[in-house]
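Chemist: This one is structure.cif, mmCIF, C-alpha atoms.
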```cif
data_protein
loop_
_atom_site.label_atom_id
_atom_site.label_comp_id
_atom_site.auth_asym_id
_atom_site.auth_seq_id
_atom_site.Cartn_x
_atom_site.Cartn_y
_atom_site.Cartn_z
CA MET A 1 16.17 41.88 -12.93
CA VAL A 2 16.70 38.36 -14.22
CA HIS A 3 18.53 36.02 -11.88
CA PHE A 4 20.47 32.98 -13.06
CA SER A 5 21.09 30.01 -10.80
CA ALA A 6 24.55 28.45 -10.70
CA GLU A 7 23.25 25.50 -12.73
CA GLU A 8 21.78 27.79 -15.39
CA LYS A 9 25.02 29.77 -15.67
CA ALA A 10 27.00 26.55 -15.99
CA ALA A 11 24.69 25.18 -18.69
CA ILE A 12 24.77 28.45 -20.64
CA THR A 13 28.53 28.92 -20.43
CA SER A 14 29.36 25.33 -21.23
CA LEU A 15 27.24 25.26 -24.39
CA TRP A 16 28.44 28.70 -25.47
CA GLY A 17 32.01 27.43 -25.32
CA LYS A 18 31.16 25.07 -28.20
CA VAL A 19 29.38 27.64 -30.36
CA ASN A 20 31.09 28.80 -33.55
CA VAL A 21 30.07 32.44 -33.28
CA GLU A 22 30.72 33.19 -36.94
CA ASP A 23 28.61 30.30 -38.26
CA ALA A 24 25.84 30.57 -35.69
CA GLY A 25 25.64 34.35 -36.09
CA GLY A 26 25.21 34.15 -39.84
CA GLU A 27 22.69 31.33 -39.43
CA ALA A 28 20.64 33.21 -36.83
CA LEU A 29 20.54 36.54 -38.67
CA GLY A 30 19.89 34.79 -41.98
CA ARG A 31 17.00 32.79 -40.56
CA LEU A 32 15.55 35.94 -38.98
CA LEU A 33 15.48 37.58 -42.43
CA VAL A 34 13.99 34.46 -44.08
CA VAL A 35 11.38 33.52 -41.49
CA TYR A 36 10.29 37.11 -40.70
CA PRO A 37 10.87 38.92 -44.00
CA TRP A 38 9.71 42.29 -42.67
CA THR A 39 12.94 42.42 -40.65
CA GLN A 40 14.75 42.99 -43.95
CA ARG A 41 13.67 46.62 -43.63
CA PHE A 42 16.80 47.32 -41.58
CA PHE A 43 19.16 45.94 -44.18
CA ASP A 44 18.40 47.71 -47.46
CA ASN A 45 22.08 48.05 -48.26
CA PHE A 46 22.89 44.38 -47.83
CA GLY A 47 22.44 43.49 -51.50
CA ASN A 48 20.66 40.34 -52.63
CA LEU A 49 18.03 39.20 -50.10
CA SER A 50 15.63 37.87 -52.71
CA SER A 51 15.48 34.22 -51.62
CA ALA A 52 16.39 32.00 -48.69
CA SER A 53 19.55 30.77 -50.42
CA ALA A 54 20.53 34.34 -51.38
CA ILE A 55 20.07 35.45 -47.77
CA MET A 56 21.86 32.51 -46.17
CA GLY A 57 24.80 32.89 -48.57
CA ASN A 58 24.98 36.71 -48.43
CA PRO A 59 28.42 37.75 -47.09
CA LYS A 60 27.07 40.93 -45.47
CA VAL A 61 24.47 38.89 -43.59
CA LYS A 62 27.19 36.52 -42.37
CA ALA A 63 29.47 39.36 -41.31
CA HIS A 64 26.75 41.21 -39.49
CA GLY A 65 25.49 38.02 -37.89
CA LYS A 66 28.96 37.42 -36.52
CA LYS A 67 29.04 40.93 -35.07
CA VAL A 68 25.65 40.49 -33.41
CA LEU A 69 26.49 37.13 -31.91
CA THR A 70 29.89 38.28 -30.68
CA SER A 71 28.02 40.96 -28.79
CA PHE A 72 25.64 38.32 -27.47
CA GLY A 73 28.70 36.55 -26.12
CA ASP A 74 29.15 39.55 -23.82
CA ALA A 75 25.81 38.64 -22.28
CA VAL A 76 27.10 35.17 -21.49
CA LYS A 77 30.11 36.71 -19.74
CA ASN A 78 27.98 39.24 -17.82
CA MET A 79 24.78 37.47 -16.90
CA ASP A 80 24.53 39.40 -13.64
CA ASN A 81 24.58 42.79 -15.32
CA LEU A 82 22.82 42.59 -18.66
CA LYS A 83 21.35 46.09 -18.44
CA GLY A 84 24.73 47.67 -17.78
CA THR A 85 26.42 45.57 -20.45
CA PHE A 86 23.94 46.59 -23.15
CA ALA A 87 23.24 50.20 -22.09
CA LYS A 88 25.20 51.78 -24.93
CA LEU A 89 23.87 49.33 -27.52
CA SER A 90 20.35 50.05 -26.29
CA GLU A 91 20.80 53.76 -26.93
CA LEU A 92 22.24 53.01 -30.37
CA HIS A 93 19.32 50.76 -31.35
CA CYS A 94 16.83 53.41 -30.24
CA ASP A 95 18.44 56.68 -31.33
CA LYS A 96 20.38 55.73 -34.44
CA LEU A 97 19.09 52.41 -35.72
CA HIS A 98 15.38 52.89 -34.81
CA VAL A 99 14.78 49.19 -34.24
CA ASP A 100 11.48 48.08 -32.66
CA PRO A 101 12.43 46.00 -29.57
CA GLU A 102 10.05 43.30 -30.80
CA ASN A 103 12.89 42.38 -33.18
CA PHE A 104 15.20 41.49 -30.28
CA ARG A 105 12.68 38.94 -29.08
CA LEU A 106 12.35 37.48 -32.58
CA LEU A 107 16.11 37.17 -32.99
CA GLY A 108 16.43 35.62 -29.53
CA ASN A 109 13.96 32.88 -30.42
CA VAL A 110 15.60 32.29 -33.80
CA LEU A 111 18.92 31.91 -31.97
CA VAL A 112 17.35 29.29 -29.69
CA CYS A 113 16.18 27.39 -32.81
CA VAL A 114 19.68 27.62 -34.33
CA LEU A 115 21.21 26.22 -31.13
CA ALA A 116 18.70 23.35 -31.13
CA HIS A 117 19.44 22.76 -34.81
CA HIS A 118 23.16 22.58 -34.16
CA PHE A 119 23.31 20.74 -30.86
CA GLY A 120 20.34 18.35 -31.24
CA LYS A 121 19.76 16.19 -28.16
CA GLU A 122 22.40 18.10 -26.20
CA PHE A 123 20.07 21.11 -26.30
CA THR A 124 17.85 19.59 -23.63
CA PRO A 125 14.68 21.24 -22.28
CA GLN A 126 16.72 22.47 -19.29
CA VAL A 127 19.43 24.00 -21.46
CA GLN A 128 16.76 25.60 -23.62
CA ALA A 129 15.07 27.04 -20.51
CA ALA A 130 18.35 28.65 -19.44
CA TYR A 131 18.87 30.12 -22.90
CA GLN A 132 15.29 31.41 -23.06
CA LYS A 133 16.14 33.38 -19.90
CA VAL A 134 19.33 34.80 -21.45
CA VAL A 135 17.66 35.84 -24.71
CA ALA A 136 14.76 37.42 -22.80
CA GLY A 137 17.23 39.21 -20.55
CA VAL A 138 19.21 40.51 -23.52
CA ALA A 139 16.04 41.65 -25.30
CA ASN A 140 14.97 43.48 -22.15
CA ALA A 141 18.39 45.05 -21.68
CA LEU A 142 18.48 46.24 -25.29
CA ALA A 143 15.07 47.83 -24.88
CA HIS A 144 15.84 49.36 -21.50
CA LYS A 145 17.17 52.75 -22.69
CA TYR A 146 14.40 53.36 -25.21
CA HIS A 147 12.62 56.62 -24.82
CA MET B 148 -2.12 34.60 -44.25
CA SER B 149 -2.11 31.36 -46.20
CA LEU B 150 0.52 28.82 -47.17
CA THR B 151 2.13 28.92 -50.62
CA LYS B 152 2.41 25.76 -52.71
CA ALA B 153 6.10 25.49 -51.87
CA GLU B 154 5.40 25.80 -48.15
CA ARG B 155 2.72 23.11 -48.31
CA THR B 156 5.15 20.76 -50.09
CA ILE B 157 7.71 21.29 -47.35
CA ILE B 158 5.19 20.65 -44.55
CA LEU B 159 3.80 17.52 -46.21
CA SER B 160 7.20 16.03 -46.95
CA MET B 161 8.47 16.56 -43.42
CA TRP B 162 5.25 15.28 -41.91
CA GLY B 163 6.04 11.78 -43.13
CA LYS B 164 9.15 11.70 -40.93
CA ILE B 165 7.53 13.51 -38.01
CA SER B 166 4.58 11.13 -37.86
CA THR B 167 6.89 8.16 -37.23
CA GLN B 168 8.03 9.85 -34.00
CA ALA B 169 4.83 11.74 -33.32
CA ASP B 170 4.41 10.88 -29.64
CA ALA B 171 8.04 11.59 -28.75
CA ILE B 172 7.96 14.92 -30.57
CA GLY B 173 4.73 16.03 -28.90
CA THR B 174 5.95 15.00 -25.46
CA GLU B 175 9.29 16.74 -25.88
CA ALA B 176 7.64 19.95 -27.13
CA LEU B 177 5.48 20.02 -24.00
CA GLU B 178 8.48 19.31 -21.74
CA ARG B 179 10.29 22.23 -23.36
CA LEU B 180 7.21 24.45 -22.95
CA PHE B 181 6.86 23.76 -19.22
CA ALA B 182 10.64 24.03 -18.56
CA SER B 183 11.11 27.35 -20.40
CA PHE B 184 7.74 28.97 -19.70
CA PRO B 185 6.51 27.71 -16.32
CA GLN B 186 3.45 29.99 -16.41
CA THR B 187 1.94 27.64 -19.01
CA LYS B 188 1.67 24.95 -16.33
CA THR B 189 -1.21 26.91 -14.82
CA TYR B 190 -3.42 25.43 -17.52
CA PHE B 191 -2.62 21.90 -16.40
CA PRO B 192 -3.17 21.71 -12.62
CA HIS B 193 -4.79 18.30 -13.09
CA PHE B 194 -1.74 16.82 -14.80
CA GLU B 195 1.35 15.13 -13.45
CA LEU B 196 3.91 17.15 -15.41
CA ARG B 197 7.20 15.46 -14.54
CA ALA B 198 9.31 14.54 -17.57
CA GLY B 199 8.19 11.19 -18.94
CA SER B 200 4.84 11.18 -17.09
CA ALA B 201 1.94 9.31 -18.66
CA HIS B 202 -0.09 12.54 -18.74
CA LEU B 203 2.63 14.34 -20.69
CA ARG B 204 3.02 11.49 -23.14
CA ALA B 205 -0.72 11.19 -23.74
CA HIS B 206 -1.17 14.91 -24.16
CA GLY B 207 1.88 15.26 -26.40
CA ALA B 208 0.47 12.55 -28.64
CA LYS B 209 -2.87 14.37 -28.76
CA VAL B 210 -1.24 17.68 -29.77
CA VAL B 211 0.72 16.11 -32.62
CA ALA B 212 -2.33 14.12 -33.77
CA ALA B 213 -4.25 17.40 -34.02
CA LEU B 214 -1.40 18.93 -36.03
CA GLY B 215 -1.62 15.89 -38.28
CA ASP B 216 -5.31 16.68 -38.90
CA ALA B 217 -4.29 20.19 -39.92
CA VAL B 218 -1.50 18.89 -42.18
CA ARG B 219 -3.93 16.55 -43.95
CA SER B 220 -6.27 19.50 -44.60
CA LEU B 221 -3.90 22.31 -45.51
CA ASP B 222 -6.62 23.80 -47.72
CA ASP B 223 -9.00 24.07 -44.81
CA VAL B 224 -7.15 24.18 -41.49
CA ALA B 225 -10.05 26.09 -39.92
CA GLY B 226 -12.45 23.30 -40.84
CA ALA B 227 -10.11 20.56 -39.68
CA LEU B 228 -9.58 22.20 -36.29
CA SER B 229 -13.07 23.61 -35.83
CA ARG B 230 -13.91 21.42 -32.83
CA LEU B 231 -10.57 22.16 -31.16
CA SER B 232 -11.15 25.83 -31.78
CA GLU B 233 -14.45 25.61 -29.90
CA LEU B 234 -12.83 23.60 -27.12
CA HIS B 235 -10.18 26.27 -26.57
CA ALA B 236 -12.73 29.09 -26.69
CA TYR B 237 -15.53 27.70 -24.57
CA ILE B 238 -14.10 24.99 -22.32
CA LEU B 239 -10.34 25.45 -21.89
CA ARG B 240 -10.58 29.23 -22.06
CA VAL B 241 -6.86 29.88 -22.22
CA ASP B 242 -6.88 33.65 -21.68
CA PRO B 243 -7.37 35.28 -25.09
CA VAL B 244 -4.80 37.98 -24.37
CA ASN B 245 -2.31 35.16 -24.67
CA PHE B 246 -3.30 34.18 -28.19
CA LYS B 247 -1.94 36.84 -30.51
CA VAL B 248 -1.82 36.59 -34.27
CA GLY B 249 1.35 35.77 -36.13
CA GLY B 250 4.86 34.58 -35.31
CA GLY B 251 6.00 37.80 -33.74
CA GLY B 252 4.87 40.15 -36.49
CA GLY B 253 1.45 40.74 -34.92
CA PRO B 254 0.20 43.35 -32.47
CA GLN B 255 2.31 44.28 -29.48
CA GLY B 256 1.67 42.91 -25.97
CA PRO B 257 -0.89 44.33 -23.57
CA GLN B 258 1.42 47.16 -22.45
CA GLY B 259 1.47 48.64 -25.93
CA PRO B 260 4.23 49.11 -28.48
CA GLN B 261 6.34 51.53 -26.45
CA ALA B 262 6.93 49.27 -23.48
CA PRO B 263 9.96 47.01 -23.38
CA PRO B 264 9.13 43.29 -23.77
CA ALA B 265 8.09 41.53 -20.56
CA LEU B 266 10.89 39.48 -19.10
CA THR B 267 9.47 35.97 -19.06
CA GLN B 268 6.11 36.28 -20.80
CA ALA B 269 7.44 37.53 -24.11
CA LEU B 270 5.06 35.43 -26.22
CA PRO B 271 1.45 34.30 -25.82
CA PRO B 272 1.00 30.58 -24.87
CA ALA B 273 -0.02 29.46 -28.37
CA GLN B 274 3.16 30.97 -29.73
CA LEU B 275 5.15 29.55 -26.85
CA LEU B 276 4.03 26.05 -27.80
CA SER B 277 4.64 26.79 -31.50
CA HIS B 278 8.16 27.94 -30.64
CA CYS B 279 8.84 24.80 -28.56
CA LEU B 280 7.51 22.59 -31.37
CA LEU B 281 9.89 24.33 -33.77
CA VAL B 282 12.82 23.87 -31.37
CA THR B 283 11.95 20.17 -31.08
CA LEU B 284 11.80 19.78 -34.87
CA ALA B 285 15.12 21.62 -35.27
CA SER B 286 16.77 19.33 -32.75
CA HIS B 287 15.39 16.09 -34.27
CA PHE B 288 15.54 16.92 -37.98
CA PRO B 289 18.47 19.29 -38.55
CA ALA B 290 18.96 18.25 -42.18
CA ASP B 291 15.30 18.90 -42.98
CA LEU B 292 14.84 22.14 -41.09
CA THR B 293 16.53 24.45 -43.56
CA ALA B 294 15.80 28.20 -43.43
CA ASP B 295 12.95 27.72 -45.94
CA ALA B 296 11.48 24.86 -43.91
CA HIS B 297 11.84 26.89 -40.70
CA ALA B 298 9.83 29.68 -42.34
CA ALA B 299 7.14 27.27 -43.60
CA TRP B 300 6.70 25.62 -40.21
CA ASP B 301 6.64 28.93 -38.35
CA LYS B 302 3.92 30.15 -40.71
CA PHE B 303 1.91 26.92 -40.47
CA LEU B 304 2.04 26.89 -36.67
CA SER B 305 0.99 30.57 -36.60
CA LEU B 306 -1.96 29.66 -38.78
CA VAL B 307 -2.94 26.87 -36.39
CA SER B 308 -2.70 29.27 -33.41
CA CYS B 309 -4.94 31.72 -35.26
CA VAL B 310 -7.58 29.08 -35.90
CA LEU B 311 -7.55 27.99 -32.27
CA THR B 312 -8.46 31.50 -31.13
CA GLU B 313 -10.95 32.34 -33.87
CA LYS B 314 -14.06 31.66 -31.79
CA TYR B 315 -13.23 33.46 -28.59
CA ARG B 316 -15.95 36.00 -29.17
#
```
Turn the structure described in the file into structure tokens.

Modeler:
Amino acid sequence: MVHFSAEEKAAITSLWGKVNVEDAGGEALGRLLVVYPWTQRFFDNFGNLSSASAIMGNPKVKAHGKKVLTSFGDAVKNMDNLKGTFAKLSELHCDKLHVDPENFRLLGNVLVCVLAHHFGKEFTPQVQAAYQKVVAGVANALAHKYH
Amino acid sequence: MSLTKAERTIILSMWGKISTQADAIGTEALERLFASFPQTKTYFPHFELRAGSAHLRAHGAKVVAALGDAVRSLDDVAGALSRLSELHAYILRVDPVNFKVGGGGGPQGPQGPQAPPALTQALPPAQLLSHCLLVTLASHFPADLTADAHAAWDKFLSLVSCVLTEKYR
């Protein structure tokens, strides 16, 4: 089980407080679909994904990105119980959505890039390290109920 | 996997800006690597790895200089990095299980595709450094690192990682 120090929790929570979940969610999901185009396989009904600008401007991508990142916000509020927090979502991703857990890792790293992109210098190596732990913990938790 | 014309244009145009801050970028990428993925420090027991150390700065500069060699030879990255590829295979011997192909789209980790991702070691070291380089670029050049540029750089850095592990056996 991943353990977060008090400093890590403080760094994570403080930065998260400044994140615009709607914008960052759309940015993260959009970049996932652009940088790793095979991930588009899960979004056949999203309409136009034919170019980077189509993807980044696609309203379904933005809406779904917001949903995903809002859920990620639950991780920030429950860092001591990621597996419990994501148990139901883990079952959903396995049984209904059939998503390879590798994709959670990819999205986690794209999210880290988006945070660096947005916060610049404020996203120090130490803040990044804390976030790498969260995204790894979330990826693990989402994969935990796979069978 | 090879770079399209558009991707090469993006890499070349950003390289101009990157090269003016080459040392700082390389150093910061390494700082990020060691902070987020402490297991990578095992390959540097002979280094003083505190932030701002002379070792870190010198090595960061070296890493970015090597990337510059690759950028100047986008048609033949394997040729440009041939010596480095041998160095990594025969002298440095960073465990080959750590160098996997591709930015996440390659084969699964040693446990196989069914296992959940390992908690801390979710990426091989070459990809860990590629990721930290990308994070550094995103933080220094937000206007330049559009989604298209992000994709081009991720692909280029994957290509470099591939070349560095080509000669393992």

Chemist: Just say which residues the PyMOL selection byres ((chain B) within 6 of (chain A)) picks in this file, as a list in words.

Modeler: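 Taken on the displayed file, the PyMOL selection byres ((chain B) within 6 of (chain A)) yields the residues Arg179, Ala182, Ser183, Pro263, Leu266, Val282, Ala285, Ser286, Pro289, Ala294 and Ala298 of chain B.
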
Chemist: Could you pull out every residue with an atom within 10 Å of (-8.4, 24.3, -35.7), file coordinates, counting all atoms listed in the file, and send them as a count of residues only?

Modeler: 25

Chemist: Find the residues around Ala10 (chain A) up to 12 Å (only C-alpha atoms counted), leave out those fewer than 3 positions away in its own chain, and share them as a list in words.

Modeler: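 Near neighbours after the sequence-gap exclusion: Phe4, Ser5, Ala6, Glu7, Thr13, Ser14, Leu15, Trp16, Gly17, Val76, Lys77, Met79, Gln126, Val127, Ala130 and Tyr131 of chain A.
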
Chemist: Find the distance between CA of Ala24 (chain A) and CA of Leu284 (chain B) and write it in Å to one decimal.

Modeler: 17.7 Å

Chemist: How far is it from CA of Val241 (chain B) to CA of Tyr190 (chain B), in Å with one decimal?

Modeler: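 Interatomic distance, CA of Val241 (chain B) to CA of Tyr190 (chain B): 7.3 Å.
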
Chemist: On this structure, which residues satisfy the PyMOL selection byres ((chain B and resi 210) around 10), written as a PyMOL selection string?

Modeler: chain B and resi 169-170+172-174+176-177+205-209+211-215

Chemist: For the atom pair CA of Gln168 (chain B) and CA of Arg204 (chain B), what is the interatomic distance in Å to one decimal place?

Modeler: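 Rounded to one decimal, the two atoms are 12.1 Å apart.
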
Chemist: Can you turn the PyMOL selection byres ((chain B and resi 301) around 8) into a concrete residue list for this file, as a list in words?

Modeler: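 Residues picked by the PyMOL selection byres ((chain B and resi 301) around 8): Val35 of chain A; Gly250, Ser277, His278, Leu281, His297, Ala298, Ala299, Trp300, Lys302, Phe303, Leu304 and Ser305 of chain B.
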
Chemist: Could you rebuild region 202-220 of chain B with N, CA, C and O atoms and give me the result as a short mmCIF file (atom, residue, chain, number, x, y, z; two decimals), keeping the file's coordinate frame?

Modeler:
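File produced: rebuild_0.cif:
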```cif
data_model
loop_
_atom_site.label_atom_id
_atom_site.label_comp_id
_atom_site.auth_asym_id
_atom_site.auth_seq_id
_atom_site.Cartn_x
_atom_site.Cartn_y
_atom_site.Cartn_z
N HIS B 202 0.74 11.40 -18.32
CA HIS B 202 -0.09 12.54 -18.74
C HIS B 202 0.57 13.30 -19.88
O HIS B 202 -0.07 13.66 -20.86
N LEU B 203 1.89 13.58 -19.68
CA LEU B 203 2.63 14.34 -20.69
C LEU B 203 2.66 13.59 -22.01
O LEU B 203 2.44 14.17 -23.07
N ARG B 204 2.91 12.28 -21.92
CA ARG B 204 3.02 11.49 -23.14
C ARG B 204 1.67 11.46 -23.87
O ARG B 204 1.59 11.65 -25.08
N ALA B 205 0.62 11.26 -23.12
CA ALA B 205 -0.72 11.19 -23.74
C ALA B 205 -1.08 12.53 -24.37
O ALA B 205 -1.59 12.59 -25.49
N HIS B 206 -0.79 13.60 -23.64
CA HIS B 206 -1.17 14.91 -24.16
C HIS B 206 -0.31 15.32 -25.35
O HIS B 206 -0.80 15.91 -26.31
N GLY B 207 0.98 14.99 -25.27
CA GLY B 207 1.88 15.26 -26.40
C GLY B 207 1.40 14.56 -27.66
O GLY B 207 1.39 15.14 -28.75
N ALA B 208 0.97 13.31 -27.49
CA ALA B 208 0.47 12.55 -28.64
C ALA B 208 -0.76 13.21 -29.23
O ALA B 208 -0.93 13.32 -30.44
N LYS B 209 -1.63 13.70 -28.33
CA LYS B 209 -2.87 14.37 -28.76
C LYS B 209 -2.56 15.61 -29.59
O LYS B 209 -3.20 15.88 -30.62
N VAL B 210 -1.59 16.42 -29.09
CA VAL B 210 -1.24 17.68 -29.77
C VAL B 210 -0.74 17.39 -31.18
O VAL B 210 -1.16 18.01 -32.15
N VAL B 211 0.15 16.40 -31.30
CA VAL B 211 0.72 16.11 -32.62
C VAL B 211 -0.34 15.48 -33.53
O VAL B 211 -0.36 15.75 -34.73
N ALA B 212 -1.24 14.69 -32.96
CA ALA B 212 -2.33 14.12 -33.77
C ALA B 212 -3.18 15.24 -34.36
O ALA B 212 -3.57 15.20 -35.53
N ALA B 213 -3.46 16.26 -33.55
CA ALA B 213 -4.25 17.40 -34.02
C ALA B 213 -3.50 18.13 -35.14
O ALA B 213 -4.11 18.54 -36.14
N LEU B 214 -2.19 18.29 -34.97
CA LEU B 214 -1.40 18.93 -36.03
C LEU B 214 -1.50 18.10 -37.31
O LEU B 214 -1.57 18.65 -38.41
N GLY B 215 -1.49 16.78 -37.14
CA GLY B 215 -1.62 15.89 -38.28
C GLY B 215 -2.93 16.14 -39.02
O GLY B 215 -2.97 16.16 -40.25
N ASP B 216 -4.02 16.36 -38.27
CA ASP B 216 -5.31 16.68 -38.90
C ASP B 216 -5.18 17.94 -39.74
O ASP B 216 -5.71 18.03 -40.85
N ALA B 217 -4.48 18.94 -39.18
CA ALA B 217 -4.29 20.19 -39.92
C ALA B 217 -3.44 19.97 -41.17
O ALA B 217 -3.74 20.50 -42.24
N VAL B 218 -2.39 19.16 -41.04
CA VAL B 218 -1.50 18.89 -42.18
C VAL B 218 -2.28 18.20 -43.30
O VAL B 218 -2.08 18.49 -44.48
N ARG B 219 -3.17 17.27 -42.92
CA ARG B 219 -3.93 16.55 -43.95
C ARG B 219 -4.99 17.44 -44.60
O ARG B 219 -5.58 17.06 -45.59
N SER B 220 -5.26 18.60 -44.02
CA SER B 220 -6.27 19.50 -44.60
C SER B 220 -5.70 20.90 -44.75
O SER B 220 -6.32 21.87 -44.30
#
```
